[in-house]
file entry.cif (mmCIF, C-alpha atoms)
data_input
#
loop_
_atom_site.label_atom_id
_atom_site.label_comp_id
_atom_site.auth_asym_id
_atom_site.auth_seq_id
_atom_site.Cartn_x
_atom_site.Cartn_y
_atom_site.Cartn_z
CA MET A 1067 169.39 260.39 102.28
CA ALA A 1068 170.59 262.08 105.45
CA THR A 1069 168.01 263.29 107.96
CA GLU A 1070 168.95 266.17 110.24
CA VAL A 1071 167.45 266.19 113.71
CA LYS A 1072 167.35 269.77 115.01
CA THR A 1073 166.90 271.10 118.53
CA THR A 1074 163.37 272.43 119.07
CA VAL A 1075 163.91 274.44 122.26
CA PRO A 1076 166.64 276.65 123.73
CA GLY A 1077 168.38 275.26 126.80
CA ASN A 1078 170.90 272.72 128.06
CA MET A 1079 171.72 269.26 126.73
CA TRP A 1080 170.83 266.94 129.57
CA LYS A 1081 171.55 263.53 128.03
CA VAL A 1082 172.75 262.41 124.62
CA LEU A 1083 171.49 258.84 124.18
CA VAL A 1084 173.14 257.86 120.89
CA LYS A 1085 176.64 257.81 119.45
CA GLU A 1086 177.96 257.78 115.92
CA GLY A 1087 177.49 254.36 114.34
CA ASP A 1088 174.37 253.42 116.36
CA MET A 1089 171.37 252.00 114.52
CA VAL A 1090 168.10 253.67 115.49
CA LYS A 1091 164.44 253.02 114.76
CA LYS A 1092 161.79 255.67 114.14
CA GLY A 1093 160.59 256.90 117.56
CA ASP A 1094 163.78 255.98 119.46
CA PRO A 1095 164.94 258.77 121.78
CA LEU A 1096 168.12 260.49 120.52
CA PHE A 1097 168.74 263.13 123.18
CA ILE A 1098 167.00 264.94 126.02
CA MET A 1099 167.22 268.70 126.50
CA GLU A 1100 166.35 270.69 129.57
CA VAL A 1101 164.44 273.97 129.66
CA MET A 1102 162.10 275.41 132.31
CA LYS A 1103 162.97 272.41 134.52
CA THR A 1104 161.29 270.25 131.88
CA GLU A 1105 162.88 267.36 129.99
CA VAL A 1106 162.33 267.73 126.28
CA HIS A 1107 162.77 264.44 124.39
CA HIS A 1108 163.91 264.48 120.78
CA ASP A 1109 163.06 261.22 119.04
CA SER A 1110 164.29 259.83 115.74
CA PRO A 1111 161.95 260.68 112.84
CA VAL A 1112 163.32 257.76 110.73
CA ASP A 1113 164.97 254.31 110.84
CA GLY A 1114 168.70 254.50 110.11
CA LYS A 1115 172.29 254.86 111.22
CA VAL A 1116 173.59 257.76 113.30
CA VAL A 1117 176.37 259.33 111.25
CA LYS A 1118 176.98 262.54 113.19
CA VAL A 1119 176.37 263.76 116.76
CA ASN A 1120 177.07 267.47 117.24
CA VAL A 1121 176.08 267.78 120.91
CA ILE A 1122 177.53 266.55 124.21
CA ASN A 1123 176.11 265.95 127.70
CA ASP A 1124 175.72 269.06 129.86
CA GLN A 1125 176.34 271.42 126.95
CA GLU A 1126 174.80 274.78 127.91
CA GLY A 1127 173.02 277.57 126.11
CA ILE A 1128 171.98 275.68 122.97
CA ASP A 1129 169.69 277.52 120.55
CA PRO A 1130 166.68 275.95 118.82
CA GLY A 1131 167.14 274.97 115.19
CA ILE A 1132 170.69 273.62 115.61
CA VAL A 1133 171.45 270.32 113.84
CA ALA A 1134 172.14 267.98 116.78
CA VAL A 1135 172.14 264.54 115.15
CA VAL A 1136 172.35 263.36 111.54
CA ILE A 1137 170.84 259.99 110.57
CA GLU A 1138 171.33 258.12 107.30
CA MET B 807 135.69 275.22 120.36
CA VAL B 808 139.24 274.30 119.61
CA GLN B 809 140.80 270.88 119.83
CA VAL B 810 144.40 270.39 120.96
CA ILE B 811 146.24 268.11 118.51
CA LYS B 812 149.72 268.75 119.95
CA LYS B 813 150.14 270.65 123.19
CA GLY B 814 153.53 272.26 122.52
CA LEU B 815 156.13 272.48 125.29
CA GLU B 816 153.95 274.07 127.96
CA THR B 817 150.93 275.96 126.67
CA SER B 818 148.60 277.38 129.29
CA ILE B 819 145.41 279.39 129.63
CA GLN B 820 146.10 282.80 131.18
CA ASP B 821 144.17 286.01 131.76
CA TYR B 822 145.32 289.48 132.77
CA PRO B 823 145.99 290.72 135.43
CA GLY B 824 145.43 287.19 136.74
CA ARG B 825 144.61 286.11 140.30
CA ILE B 826 144.84 289.43 142.11
CA GLY B 827 144.37 289.86 145.86
CA THR B 828 145.22 286.29 146.91
CA LEU B 829 148.96 286.55 147.59
CA ASN B 830 148.17 286.46 151.33
CA LEU B 831 146.68 283.00 150.75
CA GLY B 832 149.84 281.90 148.92
CA PHE B 833 148.46 282.29 145.39
CA PRO B 834 150.61 284.33 143.00
CA PRO B 835 148.94 286.41 140.26
CA SER B 836 149.98 284.04 137.41
CA GLY B 837 148.77 285.53 134.12
CA PRO B 838 150.81 286.11 130.93
CA MET B 839 154.53 286.86 131.41
CA ASP B 840 154.49 289.26 128.47
CA SER B 841 151.21 291.04 129.21
CA TRP B 842 152.00 293.65 126.53
CA SER B 843 151.84 291.14 123.65
CA PHE B 844 149.00 289.27 125.40
CA ARG B 845 146.74 292.31 125.66
CA LEU B 846 147.38 293.37 122.07
CA ALA B 847 146.35 289.87 120.88
CA ASN B 848 142.98 290.39 122.59
CA VAL B 849 142.62 293.92 121.21
CA LEU B 850 143.07 292.52 117.69
CA VAL B 851 140.08 290.18 118.05
CA GLU B 852 137.91 292.84 119.76
CA ASN B 853 138.09 291.26 123.24
CA GLU B 854 138.70 293.11 126.49
CA PRO B 855 142.53 293.26 126.80
CA GLY B 856 142.58 290.91 129.81
CA THR B 857 140.40 288.11 128.32
CA ALA B 858 141.63 284.52 128.79
CA ALA B 859 143.91 283.37 125.94
CA LEU B 860 146.81 280.95 125.41
CA GLU B 861 150.43 281.45 126.40
CA CYS B 862 152.80 279.24 124.38
CA GLN B 863 156.33 278.78 125.72
CA PHE B 864 159.32 278.06 123.45
CA MET B 865 157.37 275.63 121.24
CA GLY B 866 153.78 276.28 120.22
CA PRO B 867 150.81 273.91 119.94
CA THR B 868 148.88 272.48 116.99
CA LEU B 869 145.16 273.31 117.23
CA LYS B 870 142.16 272.25 115.17
CA PHE B 871 139.17 274.58 114.95
CA ASN B 872 135.67 273.11 115.32
CA SER B 873 134.00 276.25 113.99
CA ASP B 874 134.87 279.45 112.12
CA ARG B 875 136.81 281.80 114.35
CA VAL B 876 138.87 284.98 114.29
CA ILE B 877 142.20 284.69 116.10
CA ALA B 878 145.36 286.75 116.59
CA ILE B 879 148.92 285.65 117.35
CA THR B 880 151.39 288.01 119.00
CA GLY B 881 154.67 287.87 120.94
CA ALA B 882 157.43 285.46 119.93
CA ASP B 883 157.65 284.30 116.32
CA MET B 884 156.87 280.56 116.26
CA SER B 885 156.36 280.49 112.47
CA PRO B 886 152.57 279.97 112.70
CA LYS B 887 150.83 278.25 109.80
CA ILE B 888 147.15 277.72 109.04
CA ASN B 889 146.64 274.57 106.93
CA GLY B 890 150.29 274.73 105.93
CA SER B 891 150.35 278.38 104.82
CA PRO B 892 152.41 280.85 106.88
CA VAL B 893 150.33 283.57 108.58
CA PRO B 894 151.44 286.93 109.98
CA LEU B 895 151.74 287.94 113.63
CA TRP B 896 150.14 291.11 115.09
CA GLU B 897 147.10 290.79 112.81
CA SER B 898 143.60 289.33 113.22
CA LEU B 899 143.16 286.17 111.12
CA GLU B 900 140.15 284.21 110.01
CA VAL B 901 140.26 280.45 110.61
CA LYS B 902 137.59 278.24 109.02
CA LYS B 903 135.98 275.17 110.56
CA ASP B 904 138.31 272.10 110.41
CA GLN B 905 141.40 274.20 109.65
CA VAL B 906 144.56 273.54 111.65
CA LEU B 907 146.86 276.10 113.26
CA GLU B 908 150.38 274.79 113.63
CA MET B 909 153.23 276.46 115.50
CA ALA B 910 156.93 275.52 115.70
CA PHE B 911 159.72 276.67 118.01
CA ALA B 912 160.32 280.34 118.83
CA THR B 913 162.89 281.98 116.58
CA ILE B 914 162.65 285.53 117.98
CA GLY B 915 161.42 285.84 121.60
CA ALA B 916 160.25 282.94 123.78
CA ARG B 917 156.51 283.30 124.42
CA SER B 918 153.73 283.54 121.90
CA TYR B 919 150.08 284.42 122.59
CA ILE B 920 146.98 283.18 120.80
CA ALA B 921 143.76 285.12 121.41
CA PHE B 922 140.38 283.88 120.16
CA SER B 923 137.45 286.20 119.41
CA GLY B 924 135.13 285.85 122.40
CA GLY B 925 137.89 284.44 124.59
CA ILE B 926 138.39 281.13 126.39
CA ASN B 927 135.47 280.13 128.57
CA THR B 928 136.81 277.87 131.33
CA THR B 929 135.63 278.04 134.94
CA PRO B 930 137.42 280.80 136.86
CA TRP B 931 139.01 279.94 140.20
CA LEU B 932 139.46 282.66 142.84
CA GLY B 933 138.40 285.20 140.25
CA SER B 934 140.76 284.19 137.44
CA ARG B 935 141.07 281.65 134.61
CA SER B 936 144.88 281.79 134.78
CA THR B 937 146.62 278.43 135.12
CA PHE B 938 148.81 277.97 138.20
CA HIS B 939 149.93 274.38 137.68
CA LYS B 940 152.04 274.15 140.85
CA ALA B 941 148.83 274.30 142.89
CA GLY B 942 146.73 272.64 140.16
CA VAL B 943 144.27 275.51 139.81
CA GLY B 944 142.84 277.54 136.93
CA GLY B 945 143.02 276.63 133.23
CA ILE B 946 141.60 273.19 132.44
CA ASP B 947 142.01 270.80 135.41
CA GLY B 948 144.68 273.12 136.84
CA LYS B 949 147.29 272.12 134.26
CA ALA B 950 148.86 273.24 131.01
CA ILE B 951 146.77 272.11 128.01
CA GLN B 952 147.02 268.43 127.00
CA ASP B 953 146.78 266.53 123.71
CA GLY B 954 143.18 265.80 122.74
CA GLN B 955 141.63 268.38 125.06
CA ILE B 956 138.83 270.67 123.93
CA ILE B 957 139.27 274.35 124.78
CA PRO B 958 135.84 275.96 125.24
CA LEU B 959 135.37 279.38 123.64
CA ASN B 960 132.71 282.08 123.97
CA LYS B 961 130.63 282.86 120.92
CA THR B 962 131.25 286.21 119.30
CA LYS B 963 132.23 287.76 116.02
CA SER B 964 135.22 289.77 114.93
CA VAL B 965 136.87 290.59 111.63
CA ALA B 966 140.15 289.60 110.00
CA GLY B 967 142.70 292.18 108.87
CA ARG B 968 142.91 294.31 112.01
CA LYS B 969 146.59 295.17 112.49
CA ILE B 970 148.76 296.64 115.24
CA LYS B 971 150.82 299.74 114.44
CA LYS B 972 154.52 298.99 114.21
CA SER B 973 155.26 301.63 116.87
CA SER B 974 153.05 299.77 119.40
CA ILE B 975 154.78 296.38 119.05
CA PRO B 976 157.38 295.53 121.74
CA VAL B 977 160.86 295.39 120.19
CA MET B 978 162.46 292.06 121.01
CA SER B 979 166.17 291.54 121.40
CA THR B 980 167.89 289.71 118.55
CA ASN B 981 171.41 289.81 120.08
CA LYS B 982 170.63 287.84 123.29
CA LYS B 983 170.98 290.96 125.46
CA TRP B 984 168.20 292.71 127.34
CA SER B 985 168.21 295.93 129.38
CA VAL B 986 165.76 295.45 132.21
CA GLU B 987 164.53 298.20 134.55
CA VAL B 988 164.74 297.62 138.32
CA VAL B 989 163.57 299.53 141.38
CA LYS B 990 165.75 299.51 144.51
CA GLY B 991 164.51 297.57 147.53
CA PRO B 992 162.93 296.47 149.74
CA ASN B 993 166.18 295.10 151.31
CA ASP B 994 168.73 297.26 149.46
CA ASP B 995 170.32 298.33 152.78
CA TRP B 996 171.65 294.76 153.25
CA VAL B 997 173.95 295.13 150.22
CA ASP B 998 176.97 297.45 150.36
CA GLU B 999 178.00 300.11 147.82
CA LYS B 1000 180.36 297.69 146.09
CA GLY B 1001 177.57 295.10 145.81
CA HIS B 1002 175.15 297.61 144.25
CA LYS B 1003 177.76 298.76 141.71
CA MET B 1004 178.59 295.16 140.85
CA PHE B 1005 174.89 294.31 140.31
CA LEU B 1006 174.14 297.30 138.06
CA ASN B 1007 177.37 297.02 136.04
CA SER B 1008 177.34 293.27 135.33
CA ASP B 1009 175.71 291.05 132.74
CA TRP B 1010 173.50 288.36 134.29
CA LYS B 1011 173.04 285.15 132.34
CA LEU B 1012 169.62 283.48 132.42
CA GLN B 1013 169.93 279.81 133.36
CA SER B 1014 167.96 276.93 131.82
CA LYS B 1015 166.54 276.02 135.23
CA SER B 1016 164.19 279.00 134.93
CA ASP B 1017 160.43 278.86 134.57
CA ARG B 1018 157.28 280.85 135.38
CA THR B 1019 158.17 280.57 139.10
CA GLY B 1020 161.68 281.97 139.07
CA TYR B 1021 164.41 283.21 136.74
CA ARG B 1022 167.80 282.04 137.99
CA LEU B 1023 170.68 284.33 137.10
CA GLU B 1024 174.40 283.68 136.90
CA GLY B 1025 176.96 286.41 137.55
CA PRO B 1026 179.59 287.84 139.91
CA LYS B 1027 179.63 287.64 143.72
CA TRP B 1028 177.66 289.94 146.00
CA SER B 1029 179.01 291.82 149.03
CA PHE B 1030 177.01 292.95 152.04
CA THR B 1031 176.68 295.60 154.75
CA GLU B 1032 177.00 294.89 158.44
CA LYS B 1033 173.24 294.56 158.65
CA ALA B 1034 173.59 291.27 156.72
CA THR B 1035 176.73 289.94 158.37
CA ASN B 1036 176.18 290.94 162.01
CA LYS B 1037 172.56 290.17 162.85
CA GLY B 1038 170.28 288.31 165.25
CA LEU B 1039 170.17 284.51 164.97
CA GLU B 1040 166.49 284.60 164.01
CA HIS B 1041 167.57 285.98 160.61
CA GLY B 1042 169.54 282.84 159.77
CA THR B 1043 173.25 282.25 159.25
CA PHE B 1044 174.01 283.41 155.68
CA PRO B 1045 174.26 287.12 154.76
CA SER B 1046 171.33 286.78 152.34
CA ASN B 1047 169.08 285.19 155.02
CA ILE B 1048 166.41 287.32 156.67
CA ILE B 1049 163.52 286.53 158.99
CA ASP B 1050 160.62 285.44 156.71
CA GLN B 1051 159.00 288.30 154.83
CA GLY B 1052 156.48 288.82 152.01
CA TYR B 1053 157.99 289.00 148.50
CA PRO B 1054 156.86 291.50 145.88
CA VAL B 1055 156.04 290.04 142.42
CA GLY B 1056 159.22 290.71 140.42
CA ALA B 1057 161.46 290.43 143.51
CA ILE B 1058 165.13 289.81 142.75
CA ASN B 1059 165.54 287.28 145.51
CA LEU B 1060 169.09 286.59 146.64
CA ALA B 1061 169.49 282.90 147.53
CA GLY B 1062 173.05 282.67 148.86
CA GLN B 1063 174.88 284.23 145.92
CA THR B 1064 172.30 283.35 143.23
CA PRO B 1065 169.76 286.01 142.32
CA ILE B 1066 166.37 284.56 141.34
CA ILE B 1067 163.71 286.86 139.89
CA LEU B 1068 160.35 285.77 141.28
CA VAL B 1069 157.96 286.06 138.36
CA ASN B 1070 154.25 285.41 137.69
CA ASP B 1071 154.00 282.03 139.47
CA GLY B 1072 156.55 282.88 142.18
CA PRO B 1073 156.30 282.25 145.94
CA SER B 1074 154.59 284.83 148.16
CA MET B 1075 157.07 284.79 151.04
CA GLY B 1076 160.34 283.41 152.32
CA GLY B 1077 163.60 284.09 154.11
CA PHE B 1078 165.92 285.62 151.50
CA ILE B 1079 166.65 289.30 151.01
CA VAL B 1080 165.30 291.22 148.01
CA PRO B 1081 167.79 293.98 147.06
CA TYR B 1082 165.93 294.97 143.86
CA THR B 1083 162.53 294.45 142.23
CA VAL B 1084 161.65 294.29 138.53
CA PRO B 1085 158.59 296.52 137.89
CA SER B 1086 155.57 295.05 136.09
CA ALA B 1087 156.14 297.19 132.99
CA SER B 1088 159.42 295.32 132.34
CA PHE B 1089 158.04 291.80 132.79
CA TRP B 1090 157.51 291.41 129.06
CA LYS B 1091 161.28 291.42 128.57
CA LEU B 1092 161.68 288.57 131.06
CA GLY B 1093 158.88 286.68 129.30
CA GLN B 1094 160.60 286.97 125.92
CA ALA B 1095 164.16 286.15 127.08
CA LYS B 1096 165.59 282.68 126.40
CA PRO B 1097 167.98 280.66 128.57
CA GLY B 1098 171.51 281.78 127.75
CA ASP B 1099 170.40 285.39 127.11
CA SER B 1100 171.87 288.02 129.40
CA PHE B 1101 170.32 290.89 131.33
CA ASN B 1102 171.82 294.16 132.41
CA PHE B 1103 169.80 296.08 134.97
CA ILE B 1104 168.99 299.79 134.95
CA GLU B 1105 167.82 301.42 138.17
CA ILE B 1106 164.71 303.59 137.88
CA SER B 1107 162.46 305.31 140.46
CA VAL B 1108 159.09 303.99 141.60
CA GLU B 1109 157.44 306.99 139.86
CA LYS B 1110 159.16 306.14 136.57
CA ALA B 1111 158.06 302.50 136.93
CA GLN B 1112 154.47 303.64 137.41
CA THR B 1113 154.69 305.94 134.38
CA LEU B 1114 156.01 303.06 132.24
CA ARG B 1115 153.13 300.87 133.41
CA ALA B 1116 150.55 303.56 132.58
CA GLU B 1117 152.11 304.08 129.13
CA GLN B 1118 151.96 300.34 128.46
CA THR B 1119 148.28 300.22 129.46
CA THR B 1120 147.57 303.03 126.97
CA ILE B 1121 149.42 301.12 124.22
CA CYS B 1122 147.41 297.95 124.96
CA SER B 1123 144.17 299.37 123.54
CA GLU B 1124 142.33 300.07 120.29
CA ALA B 1125 144.56 303.14 119.94
CA SER B 1126 147.32 300.82 118.70
CA LEU B 1127 145.34 299.54 115.71
CA VAL B 1128 146.25 300.59 112.21
CA SER B 1129 143.17 302.56 111.24
CA SER B 1130 140.95 300.61 108.89
CA SER B 1131 139.77 301.96 105.57
CA LYS B 1132 136.29 302.63 106.99
CA GLN B 1133 137.77 304.77 109.71
CA ASP B 1134 139.95 306.51 107.13
CA ILE B 1135 136.87 307.45 105.16
CA LEU B 1136 135.19 308.88 108.25
CA ILE B 1137 138.26 310.89 109.17
CA ARG B 1138 138.44 312.28 105.64
CA LYS B 1139 134.73 313.15 105.83
CA LYS B 1140 135.42 315.00 109.03
CA GLN B 1141 138.10 317.03 107.35
CA ILE B 1142 135.84 317.95 104.43
CA ASN B 1143 132.69 318.76 106.40
CA LYS B 1144 134.46 320.24 109.39
CA ILE B 1145 132.13 318.49 111.81
CA ASP B 1146 133.39 317.84 115.31
CA HIS B 1147 131.99 314.34 115.73
CA ILE B 1148 132.97 311.70 113.26
CA LYS B 1149 131.17 308.57 114.38
CA VAL B 1150 128.15 308.02 112.15
CA VAL B 1151 125.76 305.16 112.81
CA ASP B 1152 123.40 303.89 110.15
CA PHE B 1153 120.00 302.49 111.05
CA ASP B 1154 117.31 300.98 108.94
CA LYS B 1155 113.91 302.67 109.39
CA GLU B 1156 113.90 301.91 113.06
CA LYS B 1157 113.64 304.96 115.29
CA LEU B 1158 116.37 305.06 117.83
CA ASP B 1159 115.00 305.67 121.27
CA GLU B 1160 116.92 307.81 123.66
CA LYS B 1161 117.72 305.01 126.10
CA ILE B 1162 119.41 302.85 123.46
CA ARG B 1163 121.20 305.88 122.09
CA ASN B 1164 122.58 306.83 125.49
CA LYS B 1165 123.67 303.26 126.08
CA MET B 1166 125.48 303.13 122.74
CA MET B 1167 127.16 306.45 123.38
CA GLU B 1168 128.30 305.26 126.77
CA LYS B 1169 129.64 302.01 125.33
CA LYS B 1170 131.57 303.73 122.57
CA GLY B 1171 132.71 306.59 124.80
CA MET B 1172 131.15 309.22 122.53
CA LYS B 1173 129.94 312.64 123.52
CA ASN B 1174 127.84 313.14 120.44
CA ILE B 1175 126.00 310.87 118.06
CA LYS B 1176 124.55 311.56 114.67
CA VAL B 1177 121.82 309.23 113.41
CA ARG B 1178 121.02 308.85 109.76
CA PHE B 1179 117.86 307.10 108.59
CA PHE B 1180 117.39 305.27 105.32
CA ASN B 1181 114.17 304.37 103.59
#
call {"tool": "encode", "arguments": {"input": "entry.cif", "output": "C-alpha cells"}}
result
Amino acid sequence: MATEVKTTVPGNMWKVLVKEGDMVKKGDPLFIMEVMKTEVHHDSPVDGKVVKVNVINDQEGIDPGIVAVVIE
Amino acid sequence: MVQVIKKGLETSIQDYPGRIGTLNLGFPPSGPMDSWSFRLANVLVENEPGTAALECQFMGPTLKFNSDRVIAITGADMSPKINGSPVPLWESLEVKKDQVLEMAFATIGARSYIAFSGGINTTPWLGSRSTFHKAGVGGIDGKAIQDGQIIPLNKTKSVAGRKIKKSSIPVMSTNKKWSVEVVKGPNDDWVDEKGHKMFLNSDWKLQSKSDRTGYRLEGPKWSFTEKATNKGLEHGTFPSNIIDQGYPVGAINLAGQTPIILVNDGPSMGGFIVPYTVPSASFWKLGQAKPGDSFNFIEISVEKAQTLRAEQTTICSEASLVSSSKQDILIRKKQINKIDHIKVVDFDKEKLDEKIRNKMMEKKGMKNIKVRFFN
C-alpha cells in the first residue's frame, strides 16, 4: 500500500534527500523544509520504495498538507 | 501541571503585553504575536487577559494533563484533538487527568494559543514570563518548550462551555492576502512621492526567512528623496542607511531594498530608515500570515491606530462571551421585575458583613448588590 508523506509546515523546500526508486527505512529523512529560519525534517513513516517525489530543491511558497513523497 | 509529549515546531510561553519598559536595555516586548486571539483564550478560562499561555507556531504540540483542567484554544486552526476526538476552538474545554491534547499543522492562520485556567506559573524575568529565546530569557530556561518538560500551572477552577461571540473573533484570510494598517514615519521624509505610492499600491510577499524577530517582504524597488541620497558620511553609504536610531515595535525597516517588519522579538535600534510602522492593533494579522501570503498596506493616522487598539482591548474581555443560560435567566428576570440591578448572589445562612460585600462589589464592578438568604 502506498504511503503519502505530506508537508507539515508552510515554507520553502530546502533539500530533497530522496529520488524516485530509492529504498528507505522508517525514520530516514526524506526532505527538509525551511520556515522561520528553522529546518523542519520530514522523515519516512515506513520502510519501502520511493515511487513519487513531487517537490524540488529551493521550491518556494509550499503549503502544509501537500503530498511531497509517496512510498510503497 | 502539563507534560510536553511533542513540542511542535516552536511553541513558547508568552504573556501580554510582555516585557514592557526594557527596550532601552535591548529587550523587546516579546509576547503573543496575535494578542487578540491570545487574550480571548484567557478570557474563556476566566484568567486575566494577559496571563501566561502557550503560543504554537505553524505546528502545535502534544500535551498530557497531570490533573483535571479547563483550557481554551484560539487563533489558527491546528485541528486540535483531545484523546483522539476533535474539539472546537473559541470555547472553554474540560480536560481530565491523563488525557492528551494533540495538535497538527495550521490549516487556517499560523499561530494558535492554548490558555489554561489559572495560567502558566513559571518564574518571571524583568517583569514578564514571555519567552525571548534569542537572549535565552523568560519561559522555561529561556527557550521554546521541549519534549518531556513539565509546564507548571496555577491552581484554579473554571467551567467548560464558555464561548466567544462570532462577531468578536478575528476574521482570518483564506485567500493568502491581508490588508494591514500602517502609520507613516518616523523616517517617511527619506522616501520620495513615487516611493510612497509604490509602497502603498504594491503587494508584498512574506518570505520564509521570517520569524518572531522580523518579517521579510519581497516587492518592487524603493526610490528616495535627496535627504537619503545626499547626506553626511556618518549616515552610511546606502540611501536606506541612517545614523543609528531607536526602532519602534512594528517598524517597517528598510534594509537596502528589502523591507523587514520588526515584530515582537525585534531589535531595539539600528542604522536603517523606518518609512512606516505597523500599529499594535494590526499585529494579529502579521501573526496569522503564512510565508507566501501577501500584504497590501493601508495608511491610517496615529489617532485611528489608537482607536483600533482601544476597540481591540474592549473586545478582549468578558463582553465577548456568548451569554450563558444562567445569565440569560437573570436578564429575563430583570425584564419581568423591572429591577435595575440584575446580579443576585445567594448565600447560605451566613450574614454578609459590609466589608466583604463592598469587596465583592468592587471585584465584580457592581454598583448595587442584592443579597438573598436561605434557611
call {"tool": "residues_around", "arguments": {"input": "entry.cif", "residues": "segment 1076-1086 of chain B", "least_positions_apart": "2", "cutoff": "8 Å", "atoms": "all atoms listed in the file", "output": "ChimeraX atom specification"}}
result
/B:986-997,1041,1046-1061,1067,1073-1074,1088-1089,1111,1115
call {"tool": "resolve_selection", "arguments": {"input": "entry.cif", "expression": "the PyMOL selection byres ((chain B) within 12 of (chain A))", "output": "ChimeraX atom specification"}}
result
/B:814-816,863-866,884,909-917,982,1011-1022,1095-1100
call {"tool": "write_last_selection", "arguments": {"input": "entry.cif", "atoms": "C-alpha atoms", "output": "short mmCIF file (atom, residue, chain, number, x, y, z; two decimals), in the frame of the given file"}}
result
data_model
loop_
_atom_site.label_atom_id
_atom_site.label_comp_id
_atom_site.auth_asym_id
_atom_site.auth_seq_id
_atom_site.Cartn_x
_atom_site.Cartn_y
_atom_site.Cartn_z
CA GLY B 814 153.53 272.26 122.52
CA LEU B 815 156.13 272.48 125.29
CA GLU B 816 153.95 274.07 127.96
CA GLN B 863 156.33 278.78 125.72
CA PHE B 864 159.32 278.06 123.45
CA MET B 865 157.37 275.63 121.24
CA GLY B 866 153.78 276.28 120.22
CA MET B 884 156.87 280.56 116.26
CA MET B 909 153.23 276.46 115.50
CA ALA B 910 156.93 275.52 115.70
CA PHE B 911 159.72 276.67 118.01
CA ALA B 912 160.32 280.34 118.83
CA THR B 913 162.89 281.98 116.58
CA ILE B 914 162.65 285.53 117.98
CA GLY B 915 161.42 285.84 121.60
CA ALA B 916 160.25 282.94 123.78
CA ARG B 917 156.51 283.30 124.42
CA LYS B 982 170.63 287.84 123.29
CA LYS B 1011 173.04 285.15 132.34
CA LEU B 1012 169.62 283.48 132.42
CA GLN B 1013 169.93 279.81 133.36
CA SER B 1014 167.96 276.93 131.82
CA LYS B 1015 166.54 276.02 135.23
CA SER B 1016 164.19 279.00 134.93
CA ASP B 1017 160.43 278.86 134.57
CA ARG B 1018 157.28 280.85 135.38
CA THR B 1019 158.17 280.57 139.10
CA GLY B 1020 161.68 281.97 139.07
CA TYR B 1021 164.41 283.21 136.74
CA ARG B 1022 167.80 282.04 137.99
CA ALA B 1095 164.16 286.15 127.08
CA LYS B 1096 165.59 282.68 126.40
CA PRO B 1097 167.98 280.66 128.57
CA GLY B 1098 171.51 281.78 127.75
CA ASP B 1099 170.40 285.39 127.11
CA SER B 1100 171.87 288.02 129.40
#
call {"tool": "resolve_selection", "arguments": {"input": "entry.cif", "expression": "the PyMOL selection byres ((chain A and resi 1093) around 9)", "output": "ChimeraX atom specification"}}
result
/A:1090-1092,1094-1096,1108-1113
call {"tool": "closest_residue", "arguments": {"input": "entry.cif", "among": "A:Met1067, A:Val1082, A:Lys1115, A:Gly1087", "to": "Ala1134 of chain A", "atoms": "only C-alpha atoms"}}
result
A:Val1082
call {"tool": "atom_distance", "arguments": {"input": "entry.cif", "atom1": "atom CA of Leu1127 of chain B", "atom2": "atom CA of Lys870 of chain B"}}
result
27.5 Å
call {"tool": "resolve_selection", "arguments": {"input": "entry.cif", "expression": "the PyMOL selection byres ((chain B and resi 811) around 6)", "output": "list in words"}}
result
Val810, Lys812, Thr868, Leu869, Asp953 and Gly954 of chain B
call {"tool": "atom_distance", "arguments": {"input": "entry.cif", "atom1": "atom CA of Lys971 of chain B", "atom2": "atom CA of Thr817 of chain B"}}
result
26.7 Å
call {"tool": "atom_distance", "arguments": {"input": "entry.cif", "atom1": "atom CA of Ser973 of chain B", "atom2": "atom CA of Pro823 of chain B"}}
result
23.4 Å
call {"tool": "axis_aligned_box", "arguments": {"input": "entry.cif", "around": "segment 1026-1035 of chain B", "padding_each_side": "6 Å", "output": "JSON"}}
result
{"center_x": 176.4, "center_y": 291.6, "center_z": 149.3, "size_x": 18.4, "size_y": 20.0, "size_z": 30.7}
call {"tool": "residues_near_point", "arguments": {"input": "entry.cif", "point": "(148.5, 276.9, 130.5)", "cutoff": "9 Å", "atoms": "only C-alpha atoms", "output": "list of chain:residue names"}}
result
B:Glu816, B:Thr817, B:Ser818, B:Ile819, B:Gln820, B:Leu860, B:Glu861, B:Cys862, B:Ser936, B:Thr937, B:Phe938, B:His939, B:Gly944, B:Gly945, B:Ile946, B:Gly948, B:Lys949, B:Ala950, B:Ile951
call {"tool": "write_last_selection", "arguments": {"input": "entry.cif", "atoms": "C-alpha atoms", "output": "PDB file, in the frame of the given file"}}
result
ATOM      1  CA  GLU B 816     153.950 274.070 127.960  1.00  0.00           C
ATOM      2  CA  THR B 817     150.930 275.960 126.670  1.00  0.00           C
ATOM      3  CA  SER B 818     148.600 277.380 129.290  1.00  0.00           C
ATOM      4  CA  ILE B 819     145.410 279.390 129.630  1.00  0.00           C
ATOM      5  CA  GLN B 820     146.100 282.800 131.180  1.00  0.00           C
ATOM      6  CA  LEU B 860     146.810 280.950 125.410  1.00  0.00           C
ATOM      7  CA  GLU B 861     150.430 281.450 126.400  1.00  0.00           C
ATOM      8  CA  CYS B 862     152.800 279.240 124.380  1.00  0.00           C
ATOM      9  CA  SER B 936     144.880 281.790 134.780  1.00  0.00           C
ATOM     10  CA  THR B 937     146.620 278.430 135.120  1.00  0.00           C
ATOM     11  CA  PHE B 938     148.810 277.970 138.200  1.00  0.00           C
ATOM     12  CA  HIS B 939     149.930 274.380 137.680  1.00  0.00           C
ATOM     13  CA  GLY B 944     142.840 277.540 136.930  1.00  0.00           C
ATOM     14  CA  GLY B 945     143.020 276.630 133.230  1.00  0.00           C
ATOM     15  CA  ILE B 946     141.600 273.190 132.440  1.00  0.00           C
ATOM     16  CA  GLY B 948     144.680 273.120 136.840  1.00  0.00           C
ATOM     17  CA  LYS B 949     147.290 272.120 134.260  1.00  0.00           C
ATOM     18  CA  ALA B 950     148.860 273.240 131.010  1.00  0.00           C
ATOM     19  CA  ILE B 951     146.770 272.110 128.010  1.00  0.00           C
TER      20      ILE B 951
END
call {"tool": "closest_residue", "arguments": {"input": "entry.cif", "among": "A:Val1136, A:Val1084, A:Met1089, A:Val1071", "to": "Lys1118 of chain A", "atoms": "all atoms listed in the file"}}
result
A:Val1136
